[in-house]
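Take a look at the structure below.
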Amino acid sequence: MISNNIPPQIFPYEHPTDKPRRVYLCDDSPEGILTAIYDAWSSRYGHSHNYIQINSCTDNNMFYEYVDTIPDLKKAKSIVTSIKTKISLDFYELVESCLLSCDINRADDIYRLIILGFSVGPSARTYLAYPAIQRVMKIEKNVWNEYHHYLGFIRFEELQDKTLFARFRPHNNIISKVIPHFADRFPEENIMIADVNRSIVAVSRHGLVAYTITDINFDRITLPTSANEELLKKMWKGFIESIEIKERSNPGLQRQNMPLRFREFTTEFL
Amino acid sequence: MNNGQSGGIFIVTENTMDKLNILTAAAKYDVACTSSGVERTGGSSGIGSTISPGVCHSFSGDGRCISLLKVLYTNECIFDCKYCINRRSNDVRRTSFTPEELAELTISFYRRNYIEGLFLSSGITRSPNTTMEQIYQVLLLLRYTYNFHGYIHVKAIPGADDELITRTGWLADRMSVNMELPTAESLNKLAPHKNRANILTPMRRIQTLRDSDREFHGELLTDSATLTTASDNLPISHNNKSTEAVSCKSKFCKPAVMKAGTRRFVPAGQSTQFIIGASDDTDYQIIKVSEALYERFDLKRVFYSAFVNVNLDSELPDTSKGSEMLREHRLYQADWLLRYYQFKADEILSPEYPSLNTLVDPKCSYALNHLEMFPVEITTASYHTLLRVPGIGVTSARRITSVRKHSAGLLTFNDLKKIGVVLKRAQYFITCGGKSLVPIRITQSFILANMLGLKDNLPKGLTKEQTYEQLSLFDVSDIVENRIEQISC
Ligand code: SF4
């Protein structure tokens with residue numbers, strides 16, 4: 001085993017003997033998880049006896065103590081500020097990616113990552129001997145990959161008022177990572193992106209970004225598009241068609257590189 | 001900005017669509033489609049940004065990444081290169097864009113996030129200068145009329161005036177001149193209108209101007225600095241040769257960023273392409289030239305394009321079996337060794353053994369031929385040495401060196417696995433704390449036999465079927481015997 005100079009008690013004991021494990025149940029949201037971390041931390045019950053779990057994945061264990069937490073923006077913000085100022089901005093990006101992940105078991109791993117971060121600094125990410133850190137790195141990679149894929153696979157339609165409108169269905173809650181990219185890329189446009197599953201809409205107007213949660217069903221809705229839209233869609237499809245080297249047709253490779261789930265709203269595969 | 005319309009009238013029409021289809025089909029054999037190598041923010045006006053690892057926007061039916069609007073300006077050509085579908089002697093429909101039309105189309109596609117930018121190449125109409133001039137006009141419109149900050153890759157037309165190439169270079173992100181063939185003889189045979197000097201002149205010109213631009217910005221790199229940048233530009237995946245990626249500590253963090261509107265000379269560098277299998281040049285000749293291009297012309301990428309005999313020219317090899325695809329793949333792997341693994345072309349191949357092994361990848365093949373260098377002790381070996389071990393990639397080699405810092409001597413095989421070392425491959429070539437995973441006599445054929453049983457990371461759809469014939473060239477019985485020997489002990 002790789003031995004690092006870290007007090008081992010920051011990681012949870014599988015079977016604590018002296019007192020029962022205390023499980024903090026939290027909301028599956030960044031604020032929810034951070035609040036639970038805050039509560040666990042300030043309880044002084046001991047990191048190794050604390051465990052953080054998203055409430056939708058509870059399996060009740062009669063030897064554990066369960067504590068409900070209520071998402072509290074203030075508590076969440078105070079952790080964020082400490083991470084940014086006491087560890088590093090880069091490190092916060094890592095924490096943020098994990099918070100936005102769709103992995104239902106991530107809450108405790110994030111807790112461990114933050115403890116380790118405060119103890120050894122930004123290099124905590126290299127302590128791969130710890131399973132929690134390994135999982136965190138996997139989660140980050142997964143979020144980053146999806147984000148990076150969507151930078152390319154998102155398709156805008158031009159609506160009648162020239163607004164660029166796109167919808168997507170990401171696994172991870174990455175809309176807040178995706179919209180800044182387009183806001184920066186199209187500073188003079190009005191942009192609207194909808195996360196169809198979460199019903200979150202992000203808009204960017206001349207580079208300024210805002211979010212709302214709506215009850216519009218973006219699966220159903222069709223918005224009137226501008227006059228040239230159909231022609232351009234046809235041209236794009238034609239381009240995709242013409243660029244293929246037919247002698248080398250390889251739908252398997254195409255599917256491996258662009259899995260079907262990304263094609264739901266891409267013009268060329270409709 | 002005017003939302004993709006010039007003078008209020010939308011000039012992209014059904015007619016443009018027709019041209020687009022022809023000029024796309026005519027450009028598709030050029031394999032480069034990456035949008036990587038330059039990071040530029042969008043700024044407060046205009047349209048566009050670039051991100052350094054590049055972005056794939058779609059994948060075509062042949063599985064290739066589509067990042068850029070890859071088209072020819074025109075498919076008219078006064079030359080007659082044998083391998084090319086646009087050659088003068090072919091009877092195909094000819095057409096050309098107008099600069100206005102192409103600029104507007106690019107912007108319209110870009111706004112919808114279809115593409116990351118434009119890759120503009122062209123047949124040679126009338127003269128190299130006329131052609132270069134037209135390309136320049138398109139770039140001028142995009143950069144100044146549309147205030148476009150997205151990615152632009154253009155061809156430098158061999159034979160065009162320095163002056164024109166220079167002006168174009170100030171507007172482009174990447175420029176390329178295709179070598180196509182590695183030797184003067186094959187060039188002479190297949191592309192009689194082209195010659196080495198013609199191709200290398202613009203390449204050298206671009207390099208010189210790029211260097212002085214970088215020197216002006218205080219970034220002319222010393223050798224050691226070049227090394228760090230090279231290792232900072234780590235690739236994400238071996239299979240996707242179309243994206244070059246940057247790894248930094250946080251996956252979302254950004255490398256040195258250019259501001260929108262700053263004019264730099266060809267900031268994403270130059271690339272070139274070889275056609276594989278149209279001539280009988282060897283792999284050795286090809287990677288020797290690639291190495292020289294990386295070292296002496298500071299090229300960012302060399303692309304390899306498996307030849308498709310589009311003209312069904314009987315003087316050229318038949319490509320209907322697609323056997324060039326595996327060769328192309330192996331060349332990319334060898335190229336990878338040159339760029340990221342500190343290999344020299346002469347270590348990979350030699351005039352006596354000029355072809356890459358189709359059965360195993362070039363790194364593996366190197367290790368098998370240099371068993372005297374192995375096993376390597378993981379806890380002490382240098383980064384350079386670690387890179388030579390099959391199953392250890394750039395990332396895992398780096399992780400090993402960094403983990404050793406805070407836990408020297410305590411690495412186990414299990415840790416190596418966690419770090420990302422592919423033990424199935426590496427086990428024959430390493431010891432860890434003096435221990436080995438394979439307690440028996442290691443011979444070349446023993447390892448080969450075992451390696452052949454492993455899944456080779458070939459791109460989907462690419463099989464080694466064609467190589468079973470070649471397998472019989474090896475002494476199969478020897479391999480089989482070794483396997484049995486292994487089982488019985
Ligand atoms: S110069 Fe040669 S390769 Fe280029 S378009 Fe003309 S015929 Fe084709």
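Here, A, B, ... name the chains of the structure tokens in the order displayed, residue numbers run from 1 inside each chain, and ligands are numbered from 1 in the same displayed order.
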Just want the residues within 12 Å of ligand 1, written as a ChimeraX atom specification, counting only C-alpha atoms and all ligand atoms. /B:23,26-30,71-90,94,121-128,131,155-159,177-181,187,190-195,198-199,273-275,310-311
Within 8 Å of chain A: residues of chain B, using only C-alpha atoms, as a PyMOL selection string: chain B and resi 1+3+13-14+17+20-22+24-25+27-29+41-49+55-64+108-109+111-116+249-253+308+320+322+403+406-407+410-412+415+418-419+459-461
Using only C-alpha atoms, find the one residue out of B:Leu142, B:Ile348, B:Ile152, B:Ile11 that sits nearest to Cys33 in chain B. B:Ile152
Please return as a PyMOL selection string: the residues of range 30-197 of chain A that backbone DSSP assigns to alpha helix (DSSP H). chain A and resi 30-43+73-82+89-100+106-120+131-153+175-185
Could you list, as a PDB file with C-alpha atoms, in the first residue's frame, every residue within 10 Å of range 425-428 of chain B, counting only C-alpha atoms and ignoring same-chain residues fewer than 4 positions away?
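The resulting file, result_20.pdb, is reproduced below:
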```
ATOM      1  CA  CYS B 364       5.713  -3.366 -28.177  1.00  0.00           C
ATOM      2  CA  ALA B 367      10.545  -3.737 -26.585  1.00  0.00           C
ATOM      3  CA  LEU B 368      10.562  -7.236 -28.060  1.00  0.00           C
ATOM      4  CA  LEU B 371      14.827  -7.382 -24.401  1.00  0.00           C
ATOM      5  CA  PHE B 374      14.333  -5.051 -19.662  1.00  0.00           C
ATOM      6  CA  PRO B 375      13.073  -5.685 -17.053  1.00  0.00           C
ATOM      7  CA  VAL B 376      12.920  -2.137 -15.770  1.00  0.00           C
ATOM      8  CA  VAL B 389       7.718   0.024 -21.268  1.00  0.00           C
ATOM      9  CA  PRO B 390       4.700  -1.353 -23.144  1.00  0.00           C
ATOM     10  CA  GLY B 391       1.624  -0.788 -21.014  1.00  0.00           C
ATOM     11  CA  ILE B 392       2.976   2.404 -19.455  1.00  0.00           C
ATOM     12  CA  PHE B 413       1.846  -4.086  -8.526  1.00  0.00           C
ATOM     13  CA  VAL B 421      -0.449   0.778 -15.910  1.00  0.00           C
ATOM     14  CA  CYS B 432       8.615  -3.682  -8.798  1.00  0.00           C
ATOM     15  CA  SER B 436       8.351  -9.855 -11.045  1.00  0.00           C
ATOM     16  CA  LEU B 437       4.921 -11.105 -12.005  1.00  0.00           C
ATOM     17  CA  VAL B 438       6.214 -13.625 -14.506  1.00  0.00           C
ATOM     18  CA  PRO B 439       8.426 -16.125 -12.797  1.00  0.00           C
ATOM     19  CA  ILE B 440       9.666 -17.862 -15.928  1.00  0.00           C
ATOM     20  CA  ILE B 442      11.284 -14.657 -20.908  1.00  0.00           C
ATOM     21  CA  THR B 443      11.888 -15.066 -24.593  1.00  0.00           C
ATOM     22  CA  PHE B 446       6.986 -16.243 -25.491  1.00  0.00           C
ATOM     23  CA  ILE B 447       6.002 -12.628 -25.015  1.00  0.00           C
ATOM     24  CA  ASN B 450       1.074 -13.846 -25.101  1.00  0.00           C
ATOM     25  CA  MET B 451       0.746 -10.379 -26.521  1.00  0.00           C
ATOM     26  CA  LEU B 454      -4.370  -9.689 -25.799  1.00  0.00           C
TER      27      LEU B 454
END
```
Running DSSP on the backbone, which parts of range 25-208 of chain A land in strand (DSSP E or B), as a PyMOL selection string? chain A and resi 25-26+50-54+65-68+157-159+164-168+190-195+200-205+208
Which value, in Å to one decimal, gives the distance between CA of Asp72 in chain A and CA of Glu31 in chain A?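 CA of Asp72 in chain A sits 6.5 Å away from CA of Glu31 in chain A.
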So that I can check the surroundings of range 211-220 of chain B, please list as a PyMOL selection string every protein, DNA and RNA residue that reaches within 10 Å of it, counting only C-alpha atoms and ignoring chain neighbours fewer than 6 positions away. chain B and resi 205+226+263-267+298
Which residues, written as an MDAnalysis selection string, have at least one atom at most 12 Å from Asn217 in chain A, with only C-alpha atoms counted and residues fewer than 6 positions away on the same chain left out? chainID A and resid 167 194:201
Output file for the selection above: N, CA, C and O atoms, as a tab-separated table (two decimals), in the first residue's frame:
```tsv
chain	number	residue	atom	x	y	z
A	167	ARG	N	-31.46	22.48	-27.06
A	167	ARG	CA	-31.80	21.68	-25.89
A	167	ARG	C	-30.89	20.45	-25.84
A	167	ARG	O	-30.37	20.01	-26.87
A	194	ALA	N	-31.68	24.67	-22.98
A	194	ALA	CA	-32.56	24.01	-22.02
A	194	ALA	C	-32.05	22.61	-21.70
A	194	ALA	O	-31.75	21.83	-22.61
A	195	ASP	N	-31.92	22.33	-20.40
A	195	ASP	CA	-31.64	20.96	-19.96
A	195	ASP	C	-33.01	20.29	-19.82
A	195	ASP	O	-33.77	20.58	-18.90
A	196	VAL	N	-33.31	19.42	-20.77
A	196	VAL	CA	-34.66	18.90	-20.91
A	196	VAL	C	-35.10	18.10	-19.68
A	196	VAL	O	-36.23	18.22	-19.23
A	197	ASN	N	-34.19	17.30	-19.14
A	197	ASN	CA	-34.57	16.48	-17.98
A	197	ASN	C	-34.79	17.28	-16.72
A	197	ASN	O	-35.68	17.01	-15.94
A	198	ARG	N	-33.92	18.24	-16.50
A	198	ARG	CA	-33.99	18.99	-15.24
A	198	ARG	C	-34.86	20.23	-15.36
A	198	ARG	O	-35.06	20.93	-14.38
A	199	SER	N	-35.32	20.52	-16.60
A	199	SER	CA	-36.11	21.74	-16.85
A	199	SER	C	-35.40	23.00	-16.38
A	199	SER	O	-36.01	23.92	-15.86
A	200	ILE	N	-34.08	23.00	-16.54
A	200	ILE	CA	-33.33	24.22	-16.24
A	200	ILE	C	-33.06	24.93	-17.57
A	200	ILE	O	-32.67	24.29	-18.54
A	201	VAL	N	-33.30	26.22	-17.60
A	201	VAL	CA	-33.00	26.98	-18.80
A	201	VAL	C	-31.91	27.99	-18.47
A	201	VAL	O	-32.00	28.69	-17.46
```
